[in-house]
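Below is one structure; the comments refer to it alone.
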Amino acid sequence: MRPSGNFILLNTDFGLRVRYDGNHLVEVTVPSSYAGRLCGLCGNYNNNSLDDNLKPDKKAANSSMQLGIAWKSNEYSEPGCFIAGGKPLRCQGRKKTNIWKKNCDILINPLAMKCPSGSSYSPCANPCPATCLSLNAPQDCPAALPCAEGCECQKGHVLSGTSCVPPSQCGCINPGGAYYPVGESWYADKTCSRLCTCSTYNNISCLQTSCKPNQMCGPLDGLIRCRDGIGVCKTSDNSHYVSFDGSRHAIKSTCTYTLVKICHSTMDLPFFKISGKNGKREGQTPTFYLRQVNIDIYHSLVTLQKGHHVLINGKQVTLPSTNQIQGVSISANGVYTVFSVNTLLQVKFDGNGFLEIKLSRAYYGKACGMCGNFNGEEEDELMMPSDEVAQNDFEFVDSWQDKEADPNCQQDNQKDDQIKTKAGQREKRNANCRPADLARAQEQCQVAFQPLAWTKCATRVALKPFLLSCMHNLCEFGGQKRALCESLQAFEATCQAQGFKPSVWRNSSFCRKGFRGLLYLGRAPSQHWPFLAELEQCSIFGDPHYRTFDGLSYRFQGRMTYTLIKTVDMLPDGVVPLVVEGRNKMYIPLSTIFLHEIIVMVYGYTVQLQAELQLVVNNQKMAIPYNPNEHLWVTMRGHRLYLITDFKLVVSFGGRNNAVISLPSMYQGLVRGLCGNFDKNPKNEFMLPNGALIQNINNFGNSWEVKMKGGLARFSRSIQEEEKREKEELGFHVSDCSPEQLELINSTQACRVLVDPQGPFAACHQTVAPEPFQEHCVFDLCVARDPKAQEELRCQVLSGYAIICQEAGTTLASWRDHTRCALACPANTVYQSCMTPCPASCANLAAPVDCKGPCVEGCATLPGYVYSGAQSLPLALCGCTNNGIYYQVRGQWEAQGGRGLEGELKKENQIFSSWPFPPLQRGDSFVTDDCSQRCTCARAKVLLCEPLSCNAGEICTLGNHTRGCFRESPCLQNPCQNDGWCQEHGTHFTCECELGYGGELCTEPKDVPPPKKPEASNFVAILLGMLVPVVVIVLAVTRKCFSRKRRR
């Protein structure tokens, strides 16, 4: 086996040859001695193509799908490979292991050819390149083996793994014959007791080692590794479970199910069984949630219910309980009830859907149930009580119904509903491929295969099968060019196998080299931006104004957190569920409400884009850029934060006041929230969560409030009844303006600058209609009571329009100069109206070189400086990147005259002496998930780690968005909402709320006394302040023209 161009090649001495590109293209060659002796999807090799559709029973298949199912290999297939949904088990969850990340993207465009250092792209690379393992490979290469498209090592280099290195930098070969590049480490046994490293050429050094106390040694993705020794199974909203080994399942029923059970018990470990009973939330689309947990242990039955209600053998007990069952403790911790059995088992339940089960490594491989068998492998996660693997999720979930605890419960008929939905989705996709679309696809494919690059090859290779495949794929996928490019690449590989070398057929605009779907290989998603103009957008700006995907503009001044976008419960295959929320905040003393934070929940991550360009991921502070995997990226572009996913969700946030959310067309009709339902109909935007339509804007906005613990929920039924009593017209009222003020606003450039055909925004008028923004501007200037607020609101509206224009690809060069809306830039940066969208950063110094896309306005770094997170720092102060996460150099905050996290905590300590955080070390450091190490970026690319252990009375957890050792406290996770301050009083706490908020947890709005309304003269003064410079300029120009005329 060896690499061969873009392929992996398997070659045998009896003539079998297999080539695979690792993505979608496989080629199998056998000698003629096998004629008539083969079977399978490749046919029987008898020179008769009419009988190549035979199944193993020698009967002809009726369809391609039937033929594929008939030849399914059970030994190597993922369970449920042919169920409705068609995804392998490892591809059904949001989180995938590294090996499976690329395998799960069925529609990945395989055209990217970004070659590593020391190599270059070749359309016909040597099929048997020299490698460190076989330097004489070219001499041993079979003569019949064709060349292959791929990356070829430059002269003086050979392949070391997937890199090209000089022969002197080759790696090591272990006694088993396996090759390892320099720097790679591996465990030499199955107990993780010997860790070997290839330090230099053929120099292997090994040392005695062992896994950490809370880890175990075992196989993970085909390699022996130390893995986390604590198993965690979780469930959340809609009764979705994540098993101990990372598999995901959903329960759509109100029955009771076995979650964890000890199926392989031993005398030294206690037996237990945990089951959960679901509840049902009614609505247009009913949802299910976990409402009760039963724990059977030590011959006792413990029942956990909402509100810290706990029953032991049917009798209610008062918490904490430590002596009812020997070795078992039950306590209340915030909203959670916590059940613990020494160090073996912990169950945390909030009574409203959230459950977390932690299991000791002692139970490794001994568990079963909905939470899986805790053995480190996902392949056998669908194991039923009969020790057989279920064929699909429905069979698996049904097998674990606990009929002993709930004998009379009947499952909801969800399976039939989902099958009908899937069938409807397939019919919808087929309906998209109309005869006219098929004819158009046929024409495009015929044109693509006509160039001279393919002419010579077409005389030897039948073109018709590739044309048919191209035509159907292009039509099925809505004309996406990647389907066309895949067909051309497959034809190119076949031509090369026949000895033909097609000329280079790619270019920068057609199937370009270095492009794979949305992303450039080896580059960040932020490096390519042209697709933004093709996406539909929802925007929030001002105080605040909303513009939905379908173009409806309205104003809603809620001061809480609201759902902007939420996908519907039933999604088609390939559509990723997501939620986007916006947190508004009242700013004192102006009493105006602005967008303060954007929260995005996707792929299992909760990403908070916060004020002042701060980033929090899964409740932990992160530096920018943040790139945990190829599916998600957070970076800076211009002066804004951007979150980008591989399926083209793009969220941009200016750090306060405005945001733009872009979605691809696949989400049409599949989202709800304040951004509307994205169905090309602006007349039905005001839809409640239950699907009912209303007209009252405030009722619509309040219905999408994200209710925190302690908030008072409003039901859709009461909102609809209120709607019947009160109607509100959609529009903007300027009753707060006097006729004189309104005339002045309309007669100056204050708001009319937006629609001025000669003004700074004129270049965007054909792309984004400015009239709705002018209405917003007039409205804001009328209702604002403070001149400062009026000026800020005016600039916010203008900035909102400019941002949407820039996202749509229109460059607005000097609009800020014409409107006196300056952009404040941080230290060591300077404002530029047209800068690169990908500024150099410590995490990617070459970003501007590889960048594609129009220029943007923003804050450019001074010469010799680059961005480190959101700061501009000297290049020498760049930090470290570890697993896609960037860390700043120790002490650089203090070096720049700023205050780090420690300073923030000290400030809080001065206000609240009971705050539970110990002092932190200076610098950008992080603590490992188990708090066994603290790592600090000492200098560029140097990460220093030192042992760490929590003191007595401390726990390893997150506090103030930072992982570390903290003493337990009710204020540790700050339960106070809307920036309220938590004050500890023993085991209890109180919240001190900011102005504008009240309630036990600061979750309720509280009126603020309005400031005195300014005199009209102040109002006029701010507008005259804009008018006077215009008049001066006009007079100056007139005088200049007059003087020239006199000279003549």
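Simple scheme: letters A, B, ... for chains in structure tokens order, numbers from 1 for residues in each chain, numbers from 1 for ligands in the order shown.
For A:Cys132, the set of protein, DNA and RNA residues having any atom at most 8 Å away, when counting only C-alpha atoms and skipping those fewer than 6 positions along the same chain, is Val158, Leu159, Ser160, Pro167, Cys170 and Gly171 of chain A.
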*Using only C-alpha atoms, which residues sit within 6 Å of stretch 263-280 of chain A once same-chain residues fewer than 5 positions away are excluded, as JSON, numbers by chain?*
{"A": [254, 255, 256, 257, 258, 287, 288, 289, 290, 291, 292, 293, 294, 295, 296, 297, 366, 367, 368]}
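Counting from atom CA of A:Gln832, the distance to atom CA of A:Gly858 is 5.6 Å.
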*Leaving out A:Leu845 and any residue of its chain fewer than 4 positions from it, which residues lie within 10 Å of it when counting only C-alpha atoms, given as a PyMOL selection string?*
chain A and resi 838-841+849+866-867+875
Could you tell me, as a PDB file with N, CA and C atoms, in the first residue's frame, which residues of stretch 283-408 of chain A DSSP assigns to strand (DSSP E or B) when given the backbone?
ATOM      1  N   THR A 287     -43.621  18.608  21.902  1.00  0.00           N
ATOM      2  CA  THR A 287     -42.258  18.213  22.235  1.00  0.00           C
ATOM      3  C   THR A 287     -42.266  17.398  23.515  1.00  0.00           C
ATOM      4  N   PHE A 288     -41.209  16.631  23.708  1.00  0.00           N
ATOM      5  CA  PHE A 288     -41.111  15.735  24.852  1.00  0.00           C
ATOM      6  C   PHE A 288     -39.922  16.144  25.709  1.00  0.00           C
ATOM      7  N   TYR A 289     -40.025  15.879  27.000  1.00  0.00           N
ATOM      8  CA  TYR A 289     -38.941  16.224  27.911  1.00  0.00           C
ATOM      9  C   TYR A 289     -38.934  15.235  29.066  1.00  0.00           C
ATOM     10  N   LEU A 290     -37.796  15.087  29.701  1.00  0.00           N
ATOM     11  CA  LEU A 290     -37.655  14.193  30.847  1.00  0.00           C
ATOM     12  C   LEU A 290     -38.217  14.887  32.084  1.00  0.00           C
ATOM     13  N   ARG A 291     -39.217  14.269  32.732  1.00  0.00           N
ATOM     14  CA  ARG A 291     -39.852  14.929  33.883  1.00  0.00           C
ATOM     15  C   ARG A 291     -39.658  14.180  35.196  1.00  0.00           C
ATOM     16  N   GLN A 292     -39.181  12.924  35.146  1.00  0.00           N
ATOM     17  CA  GLN A 292     -38.991  12.168  36.388  1.00  0.00           C
ATOM     18  C   GLN A 292     -37.892  11.138  36.188  1.00  0.00           C
ATOM     19  N   VAL A 293     -37.042  10.962  37.207  1.00  0.00           N
ATOM     20  CA  VAL A 293     -35.948   9.986  37.166  1.00  0.00           C
ATOM     21  C   VAL A 293     -36.120   9.006  38.314  1.00  0.00           C
ATOM     22  N   ASN A 294     -36.044   7.718  38.009  1.00  0.00           N
ATOM     23  CA  ASN A 294     -36.115   6.659  39.023  1.00  0.00           C
ATOM     24  C   ASN A 294     -34.758   5.967  39.129  1.00  0.00           C
ATOM     25  N   ILE A 295     -34.258   5.793  40.344  1.00  0.00           N
ATOM     26  CA  ILE A 295     -32.974   5.139  40.578  1.00  0.00           C
ATOM     27  C   ILE A 295     -33.200   3.951  41.502  1.00  0.00           C
ATOM     28  N   ASP A 296     -32.934   2.763  41.011  1.00  0.00           N
ATOM     29  CA  ASP A 296     -33.085   1.521  41.782  1.00  0.00           C
ATOM     30  C   ASP A 296     -31.700   1.095  42.242  1.00  0.00           C
ATOM     31  N   ILE A 297     -31.401   1.193  43.541  1.00  0.00           N
ATOM     32  CA  ILE A 297     -30.085   0.858  44.062  1.00  0.00           C
ATOM     33  C   ILE A 297     -30.211   0.404  45.512  1.00  0.00           C
ATOM     34  N   SER A 300     -33.531  -0.191  47.134  1.00  0.00           N
ATOM     35  CA  SER A 300     -34.374   0.979  47.391  1.00  0.00           C
ATOM     36  C   SER A 300     -34.674   1.663  46.064  1.00  0.00           C
ATOM     37  N   LEU A 301     -35.820   2.334  46.010  1.00  0.00           N
ATOM     38  CA  LEU A 301     -36.204   3.074  44.813  1.00  0.00           C
ATOM     39  C   LEU A 301     -36.251   4.565  45.149  1.00  0.00           C
ATOM     40  N   VAL A 302     -35.380   5.332  44.492  1.00  0.00           N
ATOM     41  CA  VAL A 302     -35.305   6.784  44.690  1.00  0.00           C
ATOM     42  C   VAL A 302     -35.931   7.461  43.471  1.00  0.00           C
ATOM     43  N   THR A 303     -36.846   8.374  43.698  1.00  0.00           N
ATOM     44  CA  THR A 303     -37.518   9.098  42.616  1.00  0.00           C
ATOM     45  C   THR A 303     -37.189  10.582  42.721  1.00  0.00           C
ATOM     46  N   LEU A 304     -36.659  11.155  41.636  1.00  0.00           N
ATOM     47  CA  LEU A 304     -36.320  12.582  41.573  1.00  0.00           C
ATOM     48  C   LEU A 304     -37.365  13.289  40.715  1.00  0.00           C
ATOM     49  N   GLN A 305     -37.954  14.365  41.264  1.00  0.00           N
ATOM     50  CA  GLN A 305     -38.981  15.116  40.553  1.00  0.00           C
ATOM     51  C   GLN A 305     -38.645  16.602  40.570  1.00  0.00           C
ATOM     52  N   HIS A 309     -38.229  17.719  44.724  1.00  0.00           N
ATOM     53  CA  HIS A 309     -39.057  16.708  45.370  1.00  0.00           C
ATOM     54  C   HIS A 309     -38.389  15.348  45.174  1.00  0.00           C
ATOM     55  N   VAL A 310     -38.104  14.677  46.294  1.00  0.00           N
ATOM     56  CA  VAL A 310     -37.421  13.386  46.263  1.00  0.00           C
ATOM     57  C   VAL A 310     -38.218  12.384  47.083  1.00  0.00           C
ATOM     58  N   LEU A 311     -38.475  11.203  46.490  1.00  0.00           N
ATOM     59  CA  LEU A 311     -39.161  10.122  47.186  1.00  0.00           C
ATOM     60  C   LEU A 311     -38.201   8.946  47.336  1.00  0.00           C
ATOM     61  N   ILE A 312     -38.186   8.346  48.509  1.00  0.00           N
ATOM     62  CA  ILE A 312     -37.447   7.096  48.738  1.00  0.00           C
ATOM     63  C   ILE A 312     -38.455   6.044  49.150  1.00  0.00           C
ATOM     64  N   LYS A 315     -41.890   7.521  49.880  1.00  0.00           N
ATOM     65  CA  LYS A 315     -42.051   8.511  50.935  1.00  0.00           C
ATOM     66  C   LYS A 315     -41.152   9.712  50.664  1.00  0.00           C
ATOM     67  N   GLN A 316     -41.724  10.915  50.808  1.00  0.00           N
ATOM     68  CA  GLN A 316     -40.961  12.125  50.530  1.00  0.00           C
ATOM     69  C   GLN A 316     -39.945  12.365  51.642  1.00  0.00           C
ATOM     70  N   VAL A 317     -38.742  12.816  51.241  1.00  0.00           N
ATOM     71  CA  VAL A 317     -37.675  13.094  52.198  1.00  0.00           C
ATOM     72  C   VAL A 317     -37.257  14.554  52.057  1.00  0.00           C
ATOM     73  N   SER A 321     -30.165  14.653  52.234  1.00  0.00           N
ATOM     74  CA  SER A 321     -30.384  13.340  52.836  1.00  0.00           C
ATOM     75  C   SER A 321     -29.104  12.524  52.696  1.00  0.00           C
ATOM     76  N   VAL A 328     -25.273   6.626  50.103  1.00  0.00           N
ATOM     77  CA  VAL A 328     -25.969   7.484  49.130  1.00  0.00           C
ATOM     78  C   VAL A 328     -26.230   8.842  49.761  1.00  0.00           C
ATOM     79  N   SER A 329     -25.922   9.906  49.005  1.00  0.00           N
ATOM     80  CA  SER A 329     -26.251  11.257  49.451  1.00  0.00           C
ATOM     81  C   SER A 329     -27.095  11.935  48.389  1.00  0.00           C
ATOM     82  N   ILE A 330     -28.100  12.697  48.853  1.00  0.00           N
ATOM     83  CA  ILE A 330     -28.987  13.437  47.951  1.00  0.00           C
ATOM     84  C   ILE A 330     -29.053  14.863  48.465  1.00  0.00           C
ATOM     85  N   SER A 331     -28.786  15.821  47.569  1.00  0.00           N
ATOM     86  CA  SER A 331     -28.751  17.212  48.010  1.00  0.00           C
ATOM     87  C   SER A 331     -29.304  18.115  46.919  1.00  0.00           C
ATOM     88  N   ALA A 332     -29.553  19.370  47.274  1.00  0.00           N
ATOM     89  CA  ALA A 332     -29.982  20.390  46.317  1.00  0.00           C
ATOM     90  C   ALA A 332     -28.802  21.302  46.025  1.00  0.00           C
ATOM     91  N   ASN A 333     -28.568  21.571  44.739  1.00  0.00           N
ATOM     92  CA  ASN A 333     -27.475  22.452  44.326  1.00  0.00           C
ATOM     93  C   ASN A 333     -28.021  23.385  43.259  1.00  0.00           C
ATOM     94  N   TYR A 336     -30.615  22.175  40.646  1.00  0.00           N
ATOM     95  CA  TYR A 336     -30.434  20.741  40.453  1.00  0.00           C
ATOM     96  C   TYR A 336     -30.627  19.953  41.739  1.00  0.00           C
ATOM     97  N   THR A 337     -31.136  18.747  41.596  1.00  0.00           N
ATOM     98  CA  THR A 337     -31.090  17.740  42.647  1.00  0.00           C
ATOM     99  C   THR A 337     -29.955  16.793  42.297  1.00  0.00           C
ATOM    100  N   VAL A 338     -29.029  16.585  43.234  1.00  0.00           N
ATOM    101  CA  VAL A 338     -27.827  15.793  42.965  1.00  0.00           C
ATOM    102  C   VAL A 338     -27.871  14.519  43.798  1.00  0.00           C
ATOM    103  N   PHE A 339     -27.793  13.369  43.112  1.00  0.00           N
ATOM    104  CA  PHE A 339     -27.783  12.050  43.742  1.00  0.00           C
ATOM    105  C   PHE A 339     -26.385  11.468  43.550  1.00  0.00           C
ATOM    106  N   SER A 340     -25.710  11.069  44.662  1.00  0.00           N
ATOM    107  CA  SER A 340     -24.336  10.571  44.573  1.00  0.00           C
ATOM    108  C   SER A 340     -24.186   9.263  45.329  1.00  0.00           C
ATOM    109  N   VAL A 341     -23.351   8.372  44.752  1.00  0.00           N
ATOM    110  CA  VAL A 341     -22.979   7.121  45.424  1.00  0.00           C
ATOM    111  C   VAL A 341     -21.462   7.092  45.512  1.00  0.00           C
ATOM    112  N   LEU A 345     -20.963   7.030  41.217  1.00  0.00           N
ATOM    113  CA  LEU A 345     -22.101   7.462  40.409  1.00  0.00           C
ATOM    114  C   LEU A 345     -22.585   8.829  40.889  1.00  0.00           C
ATOM    115  N   GLN A 346     -22.910   9.703  39.924  1.00  0.00           N
ATOM    116  CA  GLN A 346     -23.542  10.975  40.249  1.00  0.00           C
ATOM    117  C   GLN A 346     -24.635  11.255  39.228  1.00  0.00           C
ATOM    118  N   VAL A 347     -25.823  11.632  39.732  1.00  0.00           N
ATOM    119  CA  VAL A 347     -26.958  11.974  38.871  1.00  0.00           C
ATOM    120  C   VAL A 347     -27.380  13.394  39.212  1.00  0.00           C
ATOM    121  N   LYS A 348     -27.429  14.264  38.200  1.00  0.00           N
ATOM    122  CA  LYS A 348     -27.841  15.657  38.385  1.00  0.00           C
ATOM    123  C   LYS A 348     -29.085  15.903  37.525  1.00  0.00           C
ATOM    124  N   PHE A 349     -30.177  16.373  38.151  1.00  0.00           N
ATOM    125  CA  PHE A 349     -31.463  16.496  37.453  1.00  0.00           C
ATOM    126  C   PHE A 349     -32.143  17.792  37.864  1.00  0.00           C
ATOM    127  N   LEU A 355     -30.674  16.306  32.385  1.00  0.00           N
ATOM    128  CA  LEU A 355     -30.159  15.218  33.216  1.00  0.00           C
ATOM    129  C   LEU A 355     -28.706  14.980  32.850  1.00  0.00           C
ATOM    130  N   GLU A 356     -27.868  14.781  33.853  1.00  0.00           N
ATOM    131  CA  GLU A 356     -26.467  14.429  33.641  1.00  0.00           C
ATOM    132  C   GLU A 356     -26.117  13.259  34.551  1.00  0.00           C
ATOM    133  N   ILE A 357     -25.623  12.177  33.945  1.00  0.00           N
ATOM    134  CA  ILE A 357     -25.223  10.984  34.696  1.00  0.00           C
ATOM    135  C   ILE A 357     -23.720  10.809  34.519  1.00  0.00           C
ATOM    136  N   LYS A 358     -22.973  10.809  35.626  1.00  0.00           N
ATOM    137  CA  LYS A 358     -21.534  10.571  35.591  1.00  0.00           C
ATOM    138  C   LYS A 358     -21.249   9.211  36.207  1.00  0.00           C
ATOM    139  N   LEU A 359     -20.470   8.409  35.465  1.00  0.00           N
ATOM    140  CA  LEU A 359     -20.219   7.029  35.875  1.00  0.00           C
ATOM    141  C   LEU A 359     -18.720   6.805  35.995  1.00  0.00           C
ATOM    142  N   ALA A 367     -21.977  -1.285  31.436  1.00  0.00           N
ATOM    143  CA  ALA A 367     -23.273  -0.611  31.416  1.00  0.00           C
ATOM    144  C   ALA A 367     -24.053  -0.964  30.149  1.00  0.00           C
ATOM    145  N   CYS A 368     -25.339  -0.633  30.164  1.00  0.00           N
ATOM    146  CA  CYS A 368     -26.186  -0.779  28.984  1.00  0.00           C
ATOM    147  C   CYS A 368     -27.383   0.148  29.167  1.00  0.00           C
ATOM    148  N   MET A 383     -27.000  -1.403  20.946  1.00  0.00           N
ATOM    149  CA  MET A 383     -27.150  -2.721  21.559  1.00  0.00           C
ATOM    150  C   MET A 383     -28.447  -2.780  22.366  1.00  0.00           C
ATOM    151  N   VAL A 389     -27.605  -6.030  18.051  1.00  0.00           N
ATOM    152  CA  VAL A 389     -27.556  -4.632  17.623  1.00  0.00           C
ATOM    153  C   VAL A 389     -28.819  -4.318  16.822  1.00  0.00           C
ATOM    154  N   GLN A 401     -37.677   0.373  26.499  1.00  0.00           N
ATOM    155  CA  GLN A 401     -38.846   0.822  27.256  1.00  0.00           C
ATOM    156  C   GLN A 401     -38.961   0.001  28.539  1.00  0.00           C
TER     157      GLN A 401
END
_Show me, as a PyMOL selection string, the residues that have an atom within 7 Å of A:Leu643 when counting only C-alpha atoms, minus same-chain residues fewer than 4 positions from it._
chain A and resi 633-635+650-652
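For the pair atom CA of A:Ile694 and atom CA of A:Asp679, the interatomic distance is 16.9 Å.
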Which residues are near stretch 587-604 of chain A? Cut-off 6 Å, only C-alpha atoms, ignore same chain within fewer than 6 positions. Put them as a compact mmCIF listing (two decimals) with N, CA and C atoms, in the first residue's frame.
# COMPACT_ATOMS: atom_id res chain seq x y z
N ARG A 94 -23.97 15.73 16.62
CA ARG A 94 -23.35 17.01 16.28
C ARG A 94 -21.84 16.93 16.42
N ASP A 543 -32.42 50.79 18.10
CA ASP A 543 -32.87 50.70 19.49
C ASP A 543 -34.06 49.78 19.78
N PRO A 544 -34.18 48.58 19.41
CA PRO A 544 -33.62 48.04 18.18
C PRO A 544 -34.70 47.90 17.10
N LEU A 578 -30.42 24.64 14.59
CA LEU A 578 -29.69 25.77 15.19
C LEU A 578 -30.66 26.69 15.91
N VAL A 579 -30.11 27.46 16.83
CA VAL A 579 -30.86 28.50 17.55
C VAL A 579 -29.96 29.73 17.63
N VAL A 580 -30.52 30.89 17.33
CA VAL A 580 -29.80 32.16 17.50
C VAL A 580 -30.66 33.05 18.38
N GLU A 581 -30.09 33.54 19.47
CA GLU A 581 -30.79 34.40 20.40
C GLU A 581 -30.09 35.75 20.46
N GLN A 610 -20.18 38.69 22.54
CA GLN A 610 -20.55 39.64 23.58
C GLN A 610 -20.08 41.05 23.25
N ALA A 611 -20.52 41.99 24.09
CA ALA A 611 -20.12 43.38 23.93
C ALA A 611 -18.61 43.51 24.02
N ARG A 656 -21.87 45.61 19.82
CA ARG A 656 -22.99 46.29 20.47
C ARG A 656 -23.87 46.89 19.38
N ASN A 657 -25.14 46.81 19.58
CA ASN A 657 -26.14 47.54 18.79
C ASN A 657 -26.58 46.89 17.49
Skipping near chain neighbours, those fewer than 3 positions away, what residues fall within 10 Å of A:Gly68 using only C-alpha atoms, listed as a PDB file with C-alpha atoms, in the first residue's frame?
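Output (around_4.pdb):
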ATOM      1  CA  GLY A  40     -21.200  -7.426  -6.128  1.00  0.00           C
ATOM      2  CA  LEU A  41     -21.903  -3.805  -6.988  1.00  0.00           C
ATOM      3  CA  ASN A  53     -27.877  -5.715 -11.396  1.00  0.00           C
ATOM      4  CA  LYS A  55     -28.524  -9.551  -6.134  1.00  0.00           C
ATOM      5  CA  ALA A  61     -32.816  -5.725  -8.484  1.00  0.00           C
ATOM      6  CA  SER A  63     -33.688  -0.181  -8.454  1.00  0.00           C
ATOM      7  CA  SER A  64     -30.242   1.086  -7.579  1.00  0.00           C
ATOM      8  CA  MET A  65     -31.269   1.433  -3.917  1.00  0.00           C
ATOM      9  CA  TRP A  71     -24.962  -6.086  -1.219  1.00  0.00           C
ATOM     10  CA  LYS A  72     -24.667  -4.377   2.155  1.00  0.00           C
ATOM     11  CA  SER A  73     -21.731  -5.761   4.146  1.00  0.00           C
ATOM     12  CA  PHE A  82     -30.214   2.028   5.206  1.00  0.00           C
TER      13      PHE A  82
END
*Rounded to one decimal in Å, what is the spacing between atom CA of A:Ser122 and atom CA of A:Asn11?*
22.2 Å
*Pick out the closest residue to A:Cys878 from this set: A:Ser553, A:Ala938, A:Cys931, A:Asn828. Count only C-alpha atoms.*
A:Ala938
*Counting only C-alpha atoms, figure out which residue out of A:Ile251, A:Met636, A:Gly334, A:Pro760 gets nearest to A:Asp350.*
A:Gly334
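Among the candidate residues A:Thr235, A:Thr936, A:Asn584, A:Ser799, the one lying nearest to A:Val889 is A:Thr936, with distances computed using only C-alpha atoms.
Using only C-alpha atoms, the contacts of A:Pro772 at a cut-off of 12 Å, with sequence neighbours closer than 5 positions omitted, comprise A:His545, A:Tyr546, A:Arg547, A:Gly551, A:Leu552, A:Ser553, A:Tyr554, A:Arg555, A:Gly731, A:Phe732, A:Cys751, A:Arg752, A:Leu754, A:Val755, A:His765, A:Cys777, A:Val778, A:Phe779, A:Val797, A:Leu798, A:Gly800, A:Tyr801.
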